[in-house]
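Participant: My structure is in protein.txt, and what it holds is compact mmCIF, C-alpha atoms:
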```
# COMPACT_ATOMS: atom_id res chain seq x y z
CA MET I 1 -50.27 11.39 13.15
CA LYS I 2 -49.39 12.01 16.80
CA ILE I 3 -49.42 15.76 17.47
CA VAL I 4 -48.42 17.71 20.56
CA VAL I 5 -49.90 21.21 20.68
CA LYS I 6 -48.70 23.79 23.18
CA VAL I 7 -50.86 26.83 23.83
CA GLY I 8 -49.67 29.81 25.85
CA SER I 9 -51.34 32.10 28.33
CA SER I 10 -51.35 34.98 25.86
CA THR I 11 -53.53 32.94 23.49
CA LEU I 12 -55.97 31.65 26.11
CA THR I 13 -56.54 34.83 28.08
CA HIS I 14 -57.11 38.54 27.65
CA LYS I 15 -54.59 40.99 29.10
CA THR I 16 -56.86 41.16 32.15
CA GLY I 17 -56.13 37.49 32.83
CA ARG I 18 -59.73 36.58 32.11
CA LEU I 19 -60.51 33.78 29.69
CA ASN I 20 -60.58 34.66 26.00
CA ILE I 21 -63.79 32.74 25.29
CA ARG I 22 -63.70 33.11 21.50
CA HIS I 23 -60.12 31.87 21.22
CA ILE I 24 -60.51 28.84 23.45
CA GLU I 25 -63.81 27.81 21.80
CA ASP I 26 -62.24 28.05 18.33
CA PHE I 27 -59.15 26.21 19.57
CA VAL I 28 -61.09 23.27 21.02
CA LYS I 29 -63.31 23.02 17.93
CA VAL I 30 -60.33 22.82 15.56
CA LEU I 31 -58.42 20.34 17.74
CA SER I 32 -61.52 18.16 18.00
CA ASP I 33 -61.90 18.17 14.24
CA ILE I 34 -58.24 17.28 13.71
CA LYS I 35 -58.67 14.41 16.16
CA ASN I 36 -61.83 13.31 14.33
CA ALA I 37 -59.70 13.00 11.19
CA GLY I 38 -57.74 10.19 12.89
CA ASN I 39 -54.90 12.06 14.61
CA GLU I 40 -53.82 11.63 18.22
CA ILE I 41 -53.77 14.93 20.13
CA ILE I 42 -51.78 15.81 23.25
CA LEU I 43 -52.33 19.31 24.61
CA VAL I 44 -49.78 21.15 26.74
CA SER I 45 -51.66 24.12 28.12
CA SER I 46 -50.43 27.13 30.03
CA GLY I 47 -52.89 29.47 31.64
CA ALA I 48 -53.40 28.25 35.21
CA ILE I 49 -51.65 31.16 36.90
CA ALA I 50 -53.00 33.70 34.42
CA MET I 51 -56.58 32.46 34.90
CA GLY I 52 -56.07 32.41 38.66
CA VAL I 53 -54.97 36.04 38.51
CA GLY I 54 -58.24 36.87 36.77
CA LYS I 55 -60.37 34.69 39.03
CA LEU I 56 -58.83 36.20 42.18
CA GLN I 57 -59.09 39.69 40.68
CA LEU I 58 -55.42 40.41 41.30
CA SER I 59 -54.07 43.57 39.69
CA SER I 60 -51.10 41.79 38.07
CA ARG I 61 -49.30 38.46 37.87
CA PRO I 62 -47.81 37.73 41.32
CA THR I 63 -44.04 37.61 41.75
CA ASP I 64 -43.79 35.66 45.03
CA ILE I 65 -43.92 31.87 44.97
CA ALA I 66 -46.77 31.46 47.48
CA THR I 67 -49.20 33.71 45.59
CA LYS I 68 -48.19 32.18 42.24
CA GLN I 69 -48.99 28.74 43.65
CA ALA I 70 -52.30 29.94 45.06
CA ALA I 71 -53.23 31.50 41.71
CA ALA I 72 -52.25 28.27 39.94
CA ALA I 73 -54.42 26.18 42.26
CA VAL I 74 -57.45 28.36 41.58
CA GLY I 75 -56.77 28.82 37.88
CA GLN I 76 -56.08 25.14 37.11
CA CYS I 77 -59.60 24.25 38.27
CA GLU I 78 -61.16 26.77 35.93
CA LEU I 79 -58.85 25.81 33.07
CA MET I 80 -59.72 22.11 33.25
CA TYR I 81 -63.42 22.77 33.82
CA THR I 82 -63.42 24.83 30.62
CA TYR I 83 -61.54 22.21 28.58
CA ASP I 84 -63.71 19.38 29.90
CA LYS I 85 -66.89 21.25 29.03
CA LEU I 86 -65.79 22.38 25.56
CA PHE I 87 -64.19 19.10 24.43
CA GLY I 88 -67.22 17.25 25.83
CA GLU I 89 -69.45 19.23 23.49
CA HIS I 90 -67.50 17.60 20.63
CA ASN I 91 -67.71 14.13 22.23
CA HIS I 92 -64.09 13.98 23.35
CA THR I 93 -62.80 12.98 26.78
CA VAL I 94 -59.90 14.81 28.40
CA ALA I 95 -57.48 13.89 31.19
CA GLN I 96 -55.40 16.18 33.37
CA ILE I 97 -51.70 15.49 33.96
CA LEU I 98 -49.64 17.85 36.14
CA LEU I 99 -45.88 17.37 36.09
CA THR I 100 -42.78 18.56 37.90
CA ALA I 101 -39.19 18.24 36.72
CA ASP I 102 -38.68 15.29 39.07
CA ASP I 103 -41.40 13.37 37.21
CA LEU I 104 -39.32 13.66 34.06
CA ARG I 105 -35.84 13.30 35.55
CA ASP I 106 -36.50 10.14 37.59
CA ASP I 107 -36.39 7.11 35.27
CA LYS I 108 -39.17 5.17 37.04
CA ARG I 109 -41.53 8.14 37.25
CA HIS I 110 -40.79 9.08 33.65
CA GLN I 111 -41.62 5.54 32.57
CA ASN I 112 -44.87 5.68 34.54
CA PHE I 113 -45.72 8.91 32.74
CA GLU I 114 -45.04 7.33 29.35
CA ASN I 115 -47.15 4.28 30.26
CA THR I 116 -50.06 6.47 31.35
CA MET I 117 -49.84 8.55 28.18
CA SER I 118 -49.82 5.44 26.01
CA THR I 119 -52.91 4.06 27.76
CA LEU I 120 -54.81 7.37 27.56
CA LEU I 121 -54.11 7.70 23.84
CA SER I 122 -55.15 4.09 23.22
CA LEU I 123 -58.46 4.91 24.93
CA GLY I 124 -59.00 7.90 22.66
CA VAL I 125 -58.47 10.43 25.44
CA ILE I 126 -56.91 13.88 24.93
CA PRO I 127 -54.28 14.33 27.68
CA ILE I 128 -53.99 17.93 28.86
CA ILE I 129 -50.62 18.57 30.48
CA ASN I 130 -49.33 21.47 32.53
CA GLU I 131 -46.49 22.05 34.93
CA ASN I 132 -47.61 21.49 38.52
CA ASP I 133 -47.18 25.14 39.51
CA THR I 134 -48.95 24.56 42.83
CA VAL I 135 -46.12 22.42 44.22
CA SER I 136 -43.18 23.41 42.00
CA THR I 137 -40.24 25.03 43.75
CA GLN I 138 -36.91 26.26 42.42
CA GLU I 139 -35.49 22.76 42.73
CA ILE I 140 -38.21 20.92 40.80
CA VAL I 141 -39.47 23.58 38.39
CA ILE I 142 -39.40 22.87 34.64
CA GLY I 143 -39.68 26.58 34.03
CA ASP I 144 -41.85 26.95 30.95
CA ASN I 145 -44.30 24.97 28.88
CA ASP I 146 -42.31 25.35 25.66
CA THR I 147 -39.64 23.12 27.18
CA LEU I 148 -42.26 20.86 28.76
CA SER I 149 -44.06 20.37 25.43
CA ALA I 150 -40.80 19.38 23.73
CA ILE I 151 -40.02 16.84 26.46
CA VAL I 152 -43.56 15.46 26.12
CA ALA I 153 -43.18 15.24 22.32
CA GLU I 154 -39.94 13.32 22.81
CA SER I 155 -41.49 11.01 25.43
CA VAL I 156 -44.54 10.05 23.35
CA LYS I 157 -42.54 9.86 20.09
CA ALA I 158 -44.71 12.49 18.45
CA ASP I 159 -44.65 13.25 14.75
CA LEU I 160 -45.15 16.98 15.20
CA LEU I 161 -44.95 19.65 17.90
CA ILE I 162 -46.87 22.90 17.39
CA LEU I 163 -46.21 25.92 19.60
CA LEU I 164 -49.01 28.47 19.49
CA SER I 165 -47.76 31.89 20.51
CA ASP I 166 -48.53 35.61 20.15
CA ILE I 167 -45.99 35.91 17.34
CA ASP I 168 -46.09 34.49 13.79
CA GLY I 169 -42.77 32.67 14.12
CA LEU I 170 -39.04 33.36 14.19
CA TYR I 171 -38.02 36.66 12.57
CA ASP I 172 -34.64 37.90 11.39
CA LYS I 173 -35.09 40.84 13.81
CA ASP I 174 -37.62 41.93 16.44
CA PRO I 175 -40.89 42.62 14.55
CA HIS I 176 -42.13 44.79 17.44
CA LYS I 177 -39.26 47.20 16.83
CA TYR I 178 -38.55 46.86 13.10
CA SER I 179 -41.25 47.14 10.45
CA ASP I 180 -39.02 45.44 7.87
CA ALA I 181 -38.52 42.29 9.97
CA THR I 182 -38.81 39.15 7.84
CA LEU I 183 -40.37 35.87 8.96
CA ILE I 184 -38.02 32.89 8.66
CA ARG I 185 -40.13 30.07 7.20
CA GLU I 186 -37.74 27.12 7.61
CA VAL I 187 -34.92 26.25 9.99
CA ARG I 188 -32.98 23.11 9.20
CA SER I 189 -30.12 23.68 11.64
CA LEU I 190 -30.04 25.52 14.96
CA THR I 191 -26.89 27.53 14.32
CA PRO I 192 -25.43 30.22 16.61
CA GLU I 193 -26.87 32.76 14.16
CA ILE I 194 -30.37 31.38 14.73
CA TYR I 195 -29.95 31.51 18.51
CA SER I 196 -28.75 35.12 18.27
CA LEU I 197 -32.16 36.09 16.85
CA ALA I 198 -33.99 35.15 20.07
CA GLY I 199 -35.13 37.97 22.33
CA GLY I 200 -36.30 37.96 25.95
CA ALA I 201 -39.60 36.89 27.49
CA GLY I 202 -42.82 37.89 25.79
CA SER I 203 -46.18 38.64 27.41
CA SER I 204 -46.34 39.57 31.10
CA LEU I 205 -48.93 36.80 31.56
CA GLY I 206 -46.54 34.08 30.36
CA THR I 207 -43.03 32.88 31.16
CA GLY I 208 -41.69 32.11 27.71
CA GLY I 209 -40.10 33.94 24.83
CA MET I 210 -38.24 33.01 21.68
CA VAL I 211 -35.30 31.74 23.76
CA THR I 212 -37.45 29.00 25.30
CA LYS I 213 -38.95 28.18 21.90
CA LEU I 214 -35.53 27.61 20.38
CA LYS I 215 -34.62 25.45 23.37
CA ALA I 216 -37.79 23.45 22.69
CA ALA I 217 -36.85 23.20 19.01
CA GLU I 218 -33.47 21.74 19.96
CA ILE I 219 -35.07 19.09 22.19
CA ALA I 220 -37.74 18.22 19.63
CA THR I 221 -35.66 18.12 16.46
CA THR I 222 -32.83 16.10 18.00
CA SER I 223 -35.52 13.63 19.12
CA GLY I 224 -36.83 13.23 15.57
CA VAL I 225 -39.82 15.57 15.90
CA ASP I 226 -40.60 18.47 13.56
CA MET I 227 -41.68 21.66 15.33
CA VAL I 228 -43.72 24.65 14.18
CA ILE I 229 -44.04 28.05 15.85
CA THR I 230 -47.11 30.00 14.75
CA ASN I 231 -49.54 32.65 15.91
CA GLY I 232 -52.46 31.40 18.01
CA ASN I 233 -54.79 34.14 16.80
CA ASP I 234 -55.96 32.10 13.79
CA MET I 235 -56.78 28.61 14.98
CA ASN I 236 -57.69 27.48 11.46
CA SER I 237 -53.98 27.59 10.60
CA LEU I 238 -53.67 24.33 12.56
CA TYR I 239 -55.39 22.57 9.66
CA ASP I 240 -52.76 23.88 7.24
CA ILE I 241 -49.89 22.91 9.53
CA VAL I 242 -51.18 19.34 9.88
CA ASP I 243 -51.52 19.24 6.08
CA GLY I 244 -47.84 20.18 5.76
CA LYS I 245 -48.36 23.72 4.45
CA MET I 246 -45.78 26.38 5.25
CA ILE I 247 -47.27 28.26 8.21
CA GLY I 248 -45.16 30.12 10.77
CA THR I 249 -41.62 28.81 11.22
CA ARG I 250 -40.93 25.09 10.80
CA PHE I 251 -37.93 23.46 12.45
CA TYR I 252 -36.99 20.16 10.83
CA LYS I 253 -35.97 17.06 12.74
CA VAL I 254 -32.31 16.12 12.60
```
Would you mind writing the structure in this file as structure tokens?
Facilitator:
Amino acid sequence: MKIVVKVGSSTLTHKTGRLNIRHIEDFVKVLSDIKNAGNEIILVSSGAIAMGVGKLQLSSRPTDIATKQAAAAVGQCELMYTYDKLFGEHNHTVAQILLTADDLRDDKRHQNFENTMSTLLSLGVIPIINENDTVSTQEIVIGDNDTLSAIVAESVKADLLILLSDIDGLYDKDPHKYSDATLIREVRSLTPEIYSLAGGAGSSLGTGGMVTKLKAAEIATTSGVDMVITNGNDMNSLYDIVDGKMIGTRFYKV
């Protein structure tokens, strides 16, 4: 099975912006084991800006483009160093790919990306993909890694896209406000009613929210890829998702 996994800043880091060591170690261990079982893994990882904020000891996530790009440049180094070290402990090789919207919009560059991905996977490498926040501007920004992961899943013809978040899945109402909110286990059609359930952005360390996740679901499912949203707090749930068990919210391909 070819699986794209997207992990957000809120899963990888503490609220301080510093690395959540326990989470990332558990995450890499489980992904390595799933790969050992014969699956191909592509990782779309947020966290560069958030980790740069921690590394630079900034008091909060920057709002101006220049400082965001500086934080991303610093944080991306630490992020990839950590992945390389941890995956290496499980005898897996990783590769870094940083993308802008132009890389995906331009046919030739998109084809080059697909060719590179195909070669990396054939060599047993785990590609780790992030938006190139250091050079992205308003004109070439993808905007969020939920959307990026769905585009990647479409490009590599994945079997499954998993979005790890700080929420268990899609609810019928905001679970932070309503104690009786019910988790929706399956979505077979992205109706206007489903879209109406999406709120705004989530954690201050990230850029996404349920809106971007539903956008990702639309890209993935119309491309023939199932998608699951689940909480990144319990990395062992990835085993159950790969086994087809009902974890989080599953969006079915069209």
Participant: For segment 153-162 of chain I, what centre and edge lengths in Å (one decimal) does the axis-aligned box get once 8 Å is added on each side of all its listed atoms, as lines of an AutoDock Vina configuration file?
Facilitator:
```
center_x = -43.4
center_y = 16.4
center_z = 20.1
size_x = 22.9
size_y = 29.0
size_z = 26.7
```
Participant: Atom CA of Arg18 of chain I and atom CA of Ile241 of chain I, how far apart in Å?
Facilitator: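 If I compute the distance from atom CA of Ile241 of chain I to atom CA of Arg18 of chain I, I get 28.2 Å.
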Participant: For atom CA of Asp146 of chain I and atom CA of His90 of chain I, quote the distance in Å rounded to one decimal.
Facilitator: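 Result for atom CA of Asp146 of chain I versus atom CA of His90 of chain I: 26.8 Å, one decimal.
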Participant: Need to verify the contact set: segment 7-14 of chain I, 10 Å, only C-alpha atoms, exclusion of same-chain residues closer than 4 positions in sequence. Can you return it as a count of residues only?
Facilitator: 39
Participant: For a test of reading the model, state the distance in Å between atom CA of Ser155 of chain I and atom CA of Leu104 of chain I, rounded to one decimal.
Facilitator: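 So the answer is 9.3 Å.
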Participant: Of the candidates I:Asp64, I:Asp33, I:Glu78, I:Asp102, which one gets nearest to Gly52 of chain I if we count only C-alpha atoms?
Facilitator: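 When distances to Gly52 of chain I are compared using only C-alpha atoms, the smallest one comes from I:Glu78.
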Participant: Nearest residue to Asn132 of chain I out of I:Ile97, I:Leu160, I:Leu190, I:Met227, using all atoms listed in the file?
Facilitator: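 Residue with the minimum atom-to-atom distance to Asn132 of chain I: I:Ile97.
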Participant: Could you please give me, as a PyMOL selection string, the residues of protein, DNA or RNA lying at most 6 Å from (-55.2, 12.4, 21.2) in the coordinate frame of the file, considering all atoms listed in the file?
Facilitator: chain I and resi 40-42+121+125-126
Participant: Skipping near chain neighbours, those fewer than 4 positions away, what residues fall within 10 Å of segment 192-196 of chain I using only C-alpha atoms, listed as a ChimeraX atom specification?
Facilitator: /I:170-173,184,187,210-211,214-215
Participant: Would you pick out the contacts of Ala95 of chain I at 9 Å or less, using all atoms listed in the file, so that residues sharing its chain but fewer than 5 positions from it are not included, and give the list as a PyMOL selection string?
Facilitator: chain I and resi 80+84+120+125-129
Participant: Counting only C-alpha atoms, which residues come within 10 Å of (-45.2, 16.0, 34.9), with the point read in the file's coordinates, and could you list them as a list in words?
Facilitator: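 Looking at atoms near the point gives Ile97, Leu98, Leu99, Thr100, Ala101, Asp102, Asp103, Leu104, Arg105, Arg109, His110, Phe113, Ile129, Asn130, Glu131, Asn132, Ile142, Leu148, Ile151 and Val152 of chain I.
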Participant: Which one of I:Ser60, I:Thr212, I:Ser237, I:Asn36 sits closest to Lys15 of chain I if you count all atoms listed in the file?
Facilitator: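 Of the candidates, the smallest distance to Lys15 of chain I is held by I:Ser60.
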Participant: List the spatial neighbours of segment 243-248 of chain I as a list in words - criterion: any atom at most 7 Å away, all atoms listed in the file, same-chain residues fewer than 2 positions off excluded.
Facilitator: Asp168, Gly169, Arg185, Val228, Ile229, Thr230, Tyr239, Asp240, Ile241 and Arg250 of chain I
Participant: Place N, CA and C atoms on segment 59-87 of chain I and deliver the coordinates as a CSV table (one decimal), keeping the file's coordinate frame.
Facilitator:
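Generated output (part22.csv):
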```csv
chain,number,residue,atom,x,y,z
I,59,SER,N,-54.4,42.5,40.6
I,59,SER,CA,-54.1,43.6,39.7
I,59,SER,C,-53.0,43.2,38.7
I,60,SER,N,-52.2,42.2,39.0
I,60,SER,CA,-51.1,41.8,38.1
I,60,SER,C,-50.6,40.4,38.5
I,61,ARG,N,-49.8,39.8,37.6
I,61,ARG,CA,-49.3,38.5,37.9
I,61,ARG,C,-48.4,38.5,39.1
I,62,PRO,N,-48.6,37.7,40.1
I,62,PRO,CA,-47.8,37.7,41.3
I,62,PRO,C,-46.3,37.4,41.0
I,63,THR,N,-45.5,37.9,41.9
I,63,THR,CA,-44.0,37.6,41.8
I,63,THR,C,-43.5,36.7,42.8
I,64,ASP,N,-44.2,36.6,44.0
I,64,ASP,CA,-43.8,35.7,45.0
I,64,ASP,C,-44.4,34.3,44.8
I,65,ILE,N,-43.6,33.3,45.2
I,65,ILE,CA,-43.9,31.9,45.0
I,65,ILE,C,-45.3,31.5,45.6
I,66,ALA,N,-45.5,31.9,46.8
I,66,ALA,CA,-46.8,31.5,47.5
I,66,ALA,C,-48.0,31.9,46.7
I,67,THR,N,-48.0,33.2,46.3
I,67,THR,CA,-49.2,33.7,45.6
I,67,THR,C,-49.3,33.1,44.2
I,68,LYS,N,-48.2,32.9,43.5
I,68,LYS,CA,-48.2,32.2,42.2
I,68,LYS,C,-48.8,30.8,42.4
I,69,GLN,N,-48.5,30.1,43.4
I,69,GLN,CA,-49.0,28.7,43.6
I,69,GLN,C,-50.5,28.8,44.0
I,70,ALA,N,-50.9,29.8,44.7
I,70,ALA,CA,-52.3,29.9,45.1
I,70,ALA,C,-53.1,30.3,43.8
I,71,ALA,N,-52.6,31.1,43.0
I,71,ALA,CA,-53.2,31.5,41.7
I,71,ALA,C,-53.3,30.3,40.8
I,72,ALA,N,-52.3,29.5,40.8
I,72,ALA,CA,-52.2,28.3,39.9
I,72,ALA,C,-53.3,27.3,40.4
I,73,ALA,N,-53.4,27.1,41.7
I,73,ALA,CA,-54.4,26.2,42.3
I,73,ALA,C,-55.8,26.6,41.9
I,74,VAL,N,-56.1,27.9,42.0
I,74,VAL,CA,-57.4,28.4,41.6
I,74,VAL,C,-57.7,28.3,40.1
I,75,GLY,N,-56.6,28.7,39.3
I,75,GLY,CA,-56.8,28.8,37.9
I,75,GLY,C,-56.8,27.5,37.2
I,76,GLN,N,-56.1,26.5,37.7
I,76,GLN,CA,-56.1,25.1,37.1
I,76,GLN,C,-57.5,24.5,37.1
I,77,CYS,N,-58.2,24.8,38.2
I,77,CYS,CA,-59.6,24.2,38.3
I,77,CYS,C,-60.4,24.8,37.1
I,78,GLU,N,-60.4,26.1,37.0
I,78,GLU,CA,-61.2,26.8,35.9
I,78,GLU,C,-60.7,26.4,34.5
I,79,LEU,N,-59.4,26.2,34.4
I,79,LEU,CA,-58.8,25.8,33.1
I,79,LEU,C,-59.4,24.4,32.7
I,80,MET,N,-59.3,23.5,33.6
I,80,MET,CA,-59.7,22.1,33.2
I,80,MET,C,-61.2,22.0,33.1
I,81,TYR,N,-62.0,22.8,33.9
I,81,TYR,CA,-63.4,22.8,33.8
I,81,TYR,C,-63.8,23.2,32.4
I,82,THR,N,-63.1,24.3,31.9
I,82,THR,CA,-63.4,24.8,30.6
I,82,THR,C,-63.1,23.8,29.5
I,83,TYR,N,-61.9,23.2,29.6
I,83,TYR,CA,-61.5,22.2,28.6
I,83,TYR,C,-62.5,21.0,28.6
I,84,ASP,N,-62.8,20.5,29.8
I,84,ASP,CA,-63.7,19.4,29.9
I,84,ASP,C,-65.1,19.7,29.3
I,85,LYS,N,-65.6,20.9,29.6
I,85,LYS,CA,-66.9,21.2,29.0
I,85,LYS,C,-66.9,21.4,27.5
I,86,LEU,N,-65.8,22.1,27.0
I,86,LEU,CA,-65.8,22.4,25.6
I,86,LEU,C,-65.5,21.1,24.7
I,87,PHE,N,-64.5,20.3,25.2
I,87,PHE,CA,-64.2,19.1,24.4
I,87,PHE,C,-65.4,18.1,24.5
```
